[in-house]
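*Asks:* You'll find run.csv just under this line, and it carries CSV, C-alpha atoms.
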chain,number,residue,atom,x,y,z
A,1435,HIS,CA,0.0,0.0,0.0
A,1436,SER,CA,1.1,3.6,-0.7
A,1437,ILE,CA,-0.1,7.1,0.0
A,1438,TYR,CA,1.3,9.9,-2.2
A,1439,GLY,CA,0.8,13.6,-2.1
A,1440,SER,CA,2.2,16.6,-4.0
A,1441,ALA,CA,1.8,20.4,-3.9
A,1442,SER,CA,3.1,23.1,-6.2
A,1443,PHE,CA,3.4,26.9,-5.5
A,1444,SER,CA,4.5,29.8,-7.6
A,1445,TYR,CA,5.1,33.5,-6.9
A,1446,LYS,CA,4.7,36.1,-9.7
A,1447,ASN,CA,5.9,33.5,-12.2
A,1448,PHE,CA,9.5,33.7,-11.2
A,1449,ALA,CA,9.7,31.6,-8.0
A,1450,TYR,CA,8.5,28.0,-7.9
A,1451,LEU,CA,8.3,25.4,-5.1
A,1452,ASP,CA,7.3,21.8,-5.6
A,1453,LEU,CA,6.8,19.4,-2.7
A,1454,THR,CA,6.0,15.6,-2.6
A,1455,ALA,CA,5.6,13.1,0.1
A,1456,ARG,CA,5.0,9.3,0.0
A,1457,ASN,CA,4.5,6.6,2.6
A,1458,ASP,CA,4.7,2.9,1.7
A,1459,TRP,CA,3.8,-0.2,3.6
A,1460,SER,CA,5.8,-3.3,2.3
A,1461,SER,CA,4.9,-6.9,3.3
A,1462,THR,CA,8.6,-7.8,2.6
A,1463,LEU,CA,9.6,-6.0,5.7
A,1464,PRO,CA,9.1,-7.2,9.3
A,1465,SER,CA,5.6,-6.5,10.4
A,1466,ASP,CA,6.6,-4.1,13.2
A,1467,ASN,CA,8.7,-2.0,10.7
A,1468,TRP,CA,7.0,-2.2,7.4
A,1469,SER,CA,6.0,1.5,7.0
A,1470,TYR,CA,8.5,4.0,5.6
A,1471,PHE,CA,8.2,7.6,4.5
A,1472,TYR,CA,10.2,9.6,2.0
A,1473,PRO,CA,9.8,13.3,0.9
A,1474,SER,CA,11.2,15.5,-1.9
A,1475,ALA,CA,11.3,19.3,-2.5
A,1476,SER,CA,12.5,21.4,-5.4
A,1477,LEU,CA,12.9,25.1,-5.7
A,1478,GLY,CA,13.3,27.2,-8.8
A,1479,TYR,CA,14.1,31.0,-9.1
A,1480,VAL,CA,14.1,32.8,-12.4
A,1481,LEU,CA,16.4,35.7,-11.7
A,1482,THR,CA,16.0,37.5,-15.0
A,1483,ASP,CA,12.2,37.6,-14.6
A,1484,ALA,CA,12.5,38.8,-11.0
A,1485,SER,CA,14.8,41.6,-11.8
A,1486,ASN,CA,13.8,42.4,-15.4
A,1487,ALA,CA,17.5,42.2,-16.3
A,1488,LYS,CA,18.6,43.4,-19.7
A,1489,GLY,CA,21.7,43.0,-21.7
A,1490,ALA,CA,23.7,40.0,-22.7
A,1491,LEU,CA,22.0,37.7,-20.2
A,1492,SER,CA,18.7,36.6,-21.7
A,1493,PHE,CA,17.6,34.0,-19.1
A,1494,LEU,CA,18.9,32.7,-15.7
A,1495,LYS,CA,17.2,30.2,-13.5
A,1496,LEU,CA,18.7,29.0,-10.2
A,1497,ARG,CA,17.5,25.6,-9.0
A,1498,ALA,CA,17.9,23.3,-6.0
A,1499,SER,CA,16.3,20.0,-5.0
A,1500,TYR,CA,16.3,17.4,-2.3
A,1501,GLY,CA,14.7,14.0,-2.3
A,1502,GLN,CA,14.6,10.6,-0.7
A,1503,VAL,CA,13.7,7.2,-2.1
A,1504,GLY,CA,13.0,4.0,-0.1
A,1505,ILE,CA,13.7,0.6,-1.6
A,1506,ALA,CA,12.1,-2.4,0.1
A,1507,PRO,CA,13.9,-5.8,0.2
A,1508,GLY,CA,12.8,-8.6,-2.1
A,1509,LEU,CA,10.3,-11.4,-1.2
A,1510,TYR,CA,10.9,-13.8,1.7
A,1511,LEU,CA,14.2,-12.3,2.9
A,1512,ASN,CA,13.1,-11.4,6.4
A,1513,GLU,CA,12.4,-15.0,7.5
A,1514,SER,CA,13.8,-18.4,6.8
A,1515,ASN,CA,11.4,-20.5,4.7
A,1516,TYR,CA,11.0,-23.8,2.9
A,1517,ILE,CA,11.1,-24.4,-0.9
A,1518,THR,CA,10.1,-27.3,-3.2
A,1519,SER,CA,12.9,-29.5,-4.5
A,1520,THR,CA,13.5,-29.9,-8.2
A,1521,ALA,CA,15.1,-32.8,-10.0
A,1522,GLY,CA,18.9,-32.8,-9.4
A,1523,SER,CA,18.6,-30.6,-6.3
A,1524,GLU,CA,18.9,-31.5,-2.6
A,1525,GLY,CA,16.0,-33.8,-1.8
A,1526,TRP,CA,16.3,-37.4,-0.6
A,1527,GLY,CA,19.8,-38.0,-1.7
A,1528,ASP,CA,22.0,-37.8,-4.7
A,1529,TYR,CA,20.3,-40.6,-6.6
A,1530,ILE,CA,16.8,-40.8,-5.2
A,1531,ASP,CA,15.4,-37.3,-5.5
A,1532,GLY,CA,12.0,-36.3,-4.1
A,1533,ALA,CA,11.1,-34.4,-7.2
A,1534,ASN,CA,10.9,-37.8,-9.0
A,1535,TYR,CA,8.4,-39.2,-6.4
A,1536,GLY,CA,5.7,-36.6,-6.1
A,1537,GLY,CA,7.9,-33.7,-4.9
A,1538,SER,CA,9.6,-32.8,-1.6
A,1539,ILE,CA,10.2,-29.7,0.5
A,1540,ARG,CA,13.5,-28.6,1.9
A,1541,ARG,CA,14.7,-25.6,3.9
A,1542,SER,CA,16.1,-22.7,1.8
A,1543,GLY,CA,19.8,-22.1,2.1
A,1544,VAL,CA,19.1,-18.3,2.6
A,1545,GLN,CA,18.8,-17.4,6.3
A,1546,GLY,CA,16.0,-15.0,7.0
A,1547,ASN,CA,16.9,-11.7,8.6
A,1548,PRO,CA,14.1,-10.2,10.8
A,1549,ASN,CA,16.1,-7.0,11.2
A,1550,LEU,CA,16.1,-6.0,7.6
A,1551,LYS,CA,15.3,-2.3,7.0
A,1552,VAL,CA,14.5,-0.2,3.9
A,1553,GLU,CA,17.4,0.8,1.7
A,1554,ARG,CA,17.4,4.6,1.4
A,1555,VAL,CA,18.8,6.9,-1.3
A,1556,THR,CA,19.0,10.6,-0.4
A,1557,GLU,CA,20.1,13.1,-3.1
A,1558,THR,CA,20.7,16.9,-3.0
A,1559,GLU,CA,21.2,18.8,-6.3
A,1560,ILE,CA,21.9,22.5,-7.1
A,1561,GLY,CA,22.5,24.2,-10.4
A,1562,PHE,CA,21.5,26.8,-13.0
A,1563,ASP,CA,20.2,27.1,-16.5
A,1564,SER,CA,21.2,30.2,-18.5
A,1565,ARG,CA,20.9,31.8,-22.0
A,1566,PHE,CA,22.9,34.7,-23.5
A,1567,PHE,CA,22.9,37.0,-26.5
A,1568,ASP,CA,19.2,36.6,-27.4
A,1569,ASN,CA,19.3,32.8,-26.6
A,1570,LYS,CA,22.2,32.1,-29.0
A,1571,LEU,CA,24.3,30.6,-26.2
A,1572,THR,CA,22.9,28.3,-23.5
A,1573,VAL,CA,24.9,27.1,-20.5
A,1574,GLY,CA,23.8,24.7,-17.8
A,1575,PHE,CA,25.5,23.4,-14.6
A,1576,THR,CA,24.5,20.9,-12.0
A,1577,TYR,CA,26.2,19.6,-8.8
A,1578,TYR,CA,24.7,16.5,-7.1
A,1579,ASP,CA,25.4,14.6,-4.0
A,1580,ARG,CA,23.8,11.2,-3.4
A,1581,LEU,CA,24.0,8.9,-0.4
A,1582,THR,CA,22.8,5.3,-0.2
A,1583,THR,CA,22.4,4.0,3.3
A,1584,ASP,CA,21.4,0.6,4.6
A,1585,GLY,CA,22.2,-0.9,1.2
A,1586,ILE,CA,21.0,-4.5,1.0
A,1587,LEU,CA,23.6,-7.1,0.2
A,1588,ASN,CA,23.7,-10.8,0.0
A,1589,LEU,CA,26.5,-12.1,2.3
A,1590,GLU,CA,27.9,-15.5,3.1
A,1591,THR,CA,27.1,-17.0,6.5
A,1592,PRO,CA,29.2,-19.5,8.5
A,1593,PRO,CA,28.5,-23.1,7.5
A,1594,SER,CA,27.8,-23.8,11.2
A,1595,THR,CA,24.5,-21.9,10.9
A,1596,GLY,CA,23.1,-24.4,8.5
A,1597,PHE,CA,22.7,-21.7,5.9
A,1598,SER,CA,24.8,-20.5,2.9
A,1599,ASP,CA,24.0,-16.8,2.9
A,1600,ARG,CA,21.6,-14.1,4.1
A,1601,TYR,CA,20.7,-10.5,3.2
A,1602,VAL,CA,21.7,-7.6,5.4
A,1603,ASN,CA,21.7,-3.8,5.5
A,1604,ALA,CA,25.5,-3.7,5.0
A,1605,ALA,CA,26.4,-0.9,2.6
A,1606,GLU,CA,26.8,2.8,2.6
A,1607,ILE,CA,27.8,4.4,-0.7
A,1608,SER,CA,28.2,8.0,-1.7
A,1609,ASN,CA,28.1,9.4,-5.2
A,1610,SER,CA,28.8,13.1,-6.1
A,1611,GLY,CA,29.6,14.9,-9.3
A,1612,ILE,CA,29.2,17.9,-11.6
A,1613,GLU,CA,27.6,18.2,-15.0
A,1614,PHE,CA,28.3,21.1,-17.4
A,1615,ASP,CA,26.9,21.7,-20.9
A,1616,PHE,CA,26.7,24.4,-23.4
A,1617,ASN,CA,25.2,25.0,-26.9
A,1618,TYR,CA,26.1,27.9,-29.2
A,1619,ASN,CA,24.2,28.8,-32.3
A,1620,LEU,CA,26.9,29.6,-34.8
A,1621,TYR,CA,24.7,30.2,-37.8
A,1622,SER,CA,21.0,30.0,-38.5
A,1623,ASN,CA,18.6,30.8,-41.4
A,1624,ASN,CA,15.5,29.3,-42.9
A,1625,ASP,CA,17.5,26.5,-44.6
A,1626,LEU,CA,20.5,25.8,-42.3
A,1627,LYS,CA,21.3,25.8,-38.6
A,1628,LEU,CA,24.8,25.2,-37.3
A,1629,ASN,CA,25.3,24.6,-33.6
A,1630,LEU,CA,28.4,24.0,-31.4
A,1631,PHE,CA,27.7,21.7,-28.4
A,1632,GLY,CA,29.8,20.4,-25.6
A,1633,ASN,CA,29.5,18.8,-22.2
A,1634,PHE,CA,31.7,17.8,-19.3
A,1635,THR,CA,30.9,15.4,-16.5
A,1636,ARG,CA,32.9,14.4,-13.4
A,1637,TYR,CA,31.7,12.1,-10.7
A,1638,LYS,CA,33.1,10.2,-7.7
A,1639,ASN,CA,31.7,7.0,-6.2
A,1640,ILE,CA,32.9,5.9,-2.7
A,1641,VAL,CA,32.0,2.8,-0.7
A,1642,GLU,CA,31.9,4.5,2.7
A,1643,SER,CA,31.3,1.3,4.7
A,1644,LEU,CA,30.5,-2.4,4.4
A,1645,GLN,CA,29.3,-3.9,7.6
A,1646,GLU,CA,29.6,-7.6,8.3
A,1647,VAL,CA,31.8,-8.0,5.2
A,1648,SER,CA,35.0,-10.0,6.0
A,1649,ARG,CA,36.4,-10.3,2.4
Would you put the structure from the file into structure tokens?
*Replies:*
Amino acid sequence: HSIYGSASFSYKNFAYLDLTARNDWSSTLPSDNWSYFYPSASLGYVLTDASNAKGALSFLKLRASYGQVGIAPGLYLNESNYITSTAGSEGWGDYIDGANYGGSIRRSGVQGNPNLKVERVTETEIGFDSRFFDNKLTVGFTYYDRLTTDGILNLETPPSTGFSDRYVNAAEISNSGIEFDFNYNLYSNNDLKLNLFGNFTRYKNIVESLQEVSR
């Protein structure tokens, strides 16, 4: 189940604010922790409309945004369960398999984790969009910072547990970067348009922590 809401506001056609909010309930989470909430907000400010600027600058918009996303774990990961055997899998031995005699049930090798939480991604972004010389030149810039917390990973478990692996909230990963682009109209008439375009991107990904990971 989900509930989603949004609201948009504007002021004199040069300032804009958009808000969203969402709450999900996921049956793949433990029953006492299956509700999770994540919001977002974005702000835009058209400086050229607010100040009635004239000259080489045709348009300038400043923007900033913040948002969260919740990612629920997959099915049947929060508790140990049983599965049906198939031919050639573990059943009643290497040569007499339950799948050949009406089917059998065995315990899954994946250990359930009742403490699983939602994986969250939080991102902040700022930037601007601009145009110059009667819109002949456009320039855009964006900086973003993204953080993933409680990342869900499949990890090995000691053989003494009777299981082969389990899913845990083990990872914290950060991503940040910049994006720059421009477009310049070199020549334009009714029959021909010639533009010069370029972009530059730089980003950095860091695994900040990996809990319960031994190798």
*Asks:* For atom CA of Ile1437 of chain A and atom CA of Ile1586 of chain A, quote the distance in Å rounded to one decimal.
*Replies:*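 Taking atom CA of Ile1437 of chain A as the start and atom CA of Ile1586 of chain A as the end point, the length is 24.1 Å.
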*Asks:* May I have the residues within 12 Å of Ser1465 of chain A as a PyMOL selection string, using all atoms listed in the file and disregarding those fewer than 6 positions away in the same chain?
*Replies:* chain A and resi 1459+1512-1513+1548-1551
*Asks:* Those selected residues, please, written with C-alpha atoms and delivered as a PDB file, in the coordinates of the input.
*Replies:*
ATOM      1  CA  TRP A1459       3.800  -0.200   3.600  1.00  0.00           C
ATOM      2  CA  ASN A1512      13.100 -11.400   6.400  1.00  0.00           C
ATOM      3  CA  GLU A1513      12.400 -15.000   7.500  1.00  0.00           C
ATOM      4  CA  PRO A1548      14.100 -10.200  10.800  1.00  0.00           C
ATOM      5  CA  ASN A1549      16.100  -7.000  11.200  1.00  0.00           C
ATOM      6  CA  LEU A1550      16.100  -6.000   7.600  1.00  0.00           C
ATOM      7  CA  LYS A1551      15.300  -2.300   7.000  1.00  0.00           C
TER       8      LYS A1551
END
*Asks:* Rank nothing, just name the residue among A:Val1544, A:Phe1631, A:Pro1507, A:Phe1567 nearest to Phe1597 of chain A, using all atoms listed in the file.
*Replies:*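 So, comparing all the options, the nearest one is A:Val1544.
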*Asks:* Using all atoms listed in the file for the distances, tell me which of A:Asp1599, A:Leu1571, A:Leu1496, A:Leu1481 is nearest to Ser1514 of chain A.
*Replies:*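 Using all atoms listed in the file, Ser1514 of chain A sits closest to A:Asp1599.
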*Asks:* Rank nothing, just name the residue among A:Ile1517, A:Leu1453, A:Val1552, A:Ala1475 nearest to Ile1505 of chain A, using only C-alpha atoms.
*Replies:* A:Val1552
*Asks:* Would you work out the distance separating atom CA of Ser1460 of chain A from atom CA of Ser1436 of chain A, expressed in Å to one decimal?
*Replies:*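 Going from atom CA of Ser1460 of chain A over to atom CA of Ser1436 of chain A covers 8.9 Å.
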*Asks:* Residues at most 6 Å from Asp1483 of chain A, counting all atoms listed in the file, excluding those fewer than 3 positions away in the same chain, as a list in words?
*Replies:*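 Result of the neighbour search: Phe1448, Val1480 and Asn1486 of chain A.
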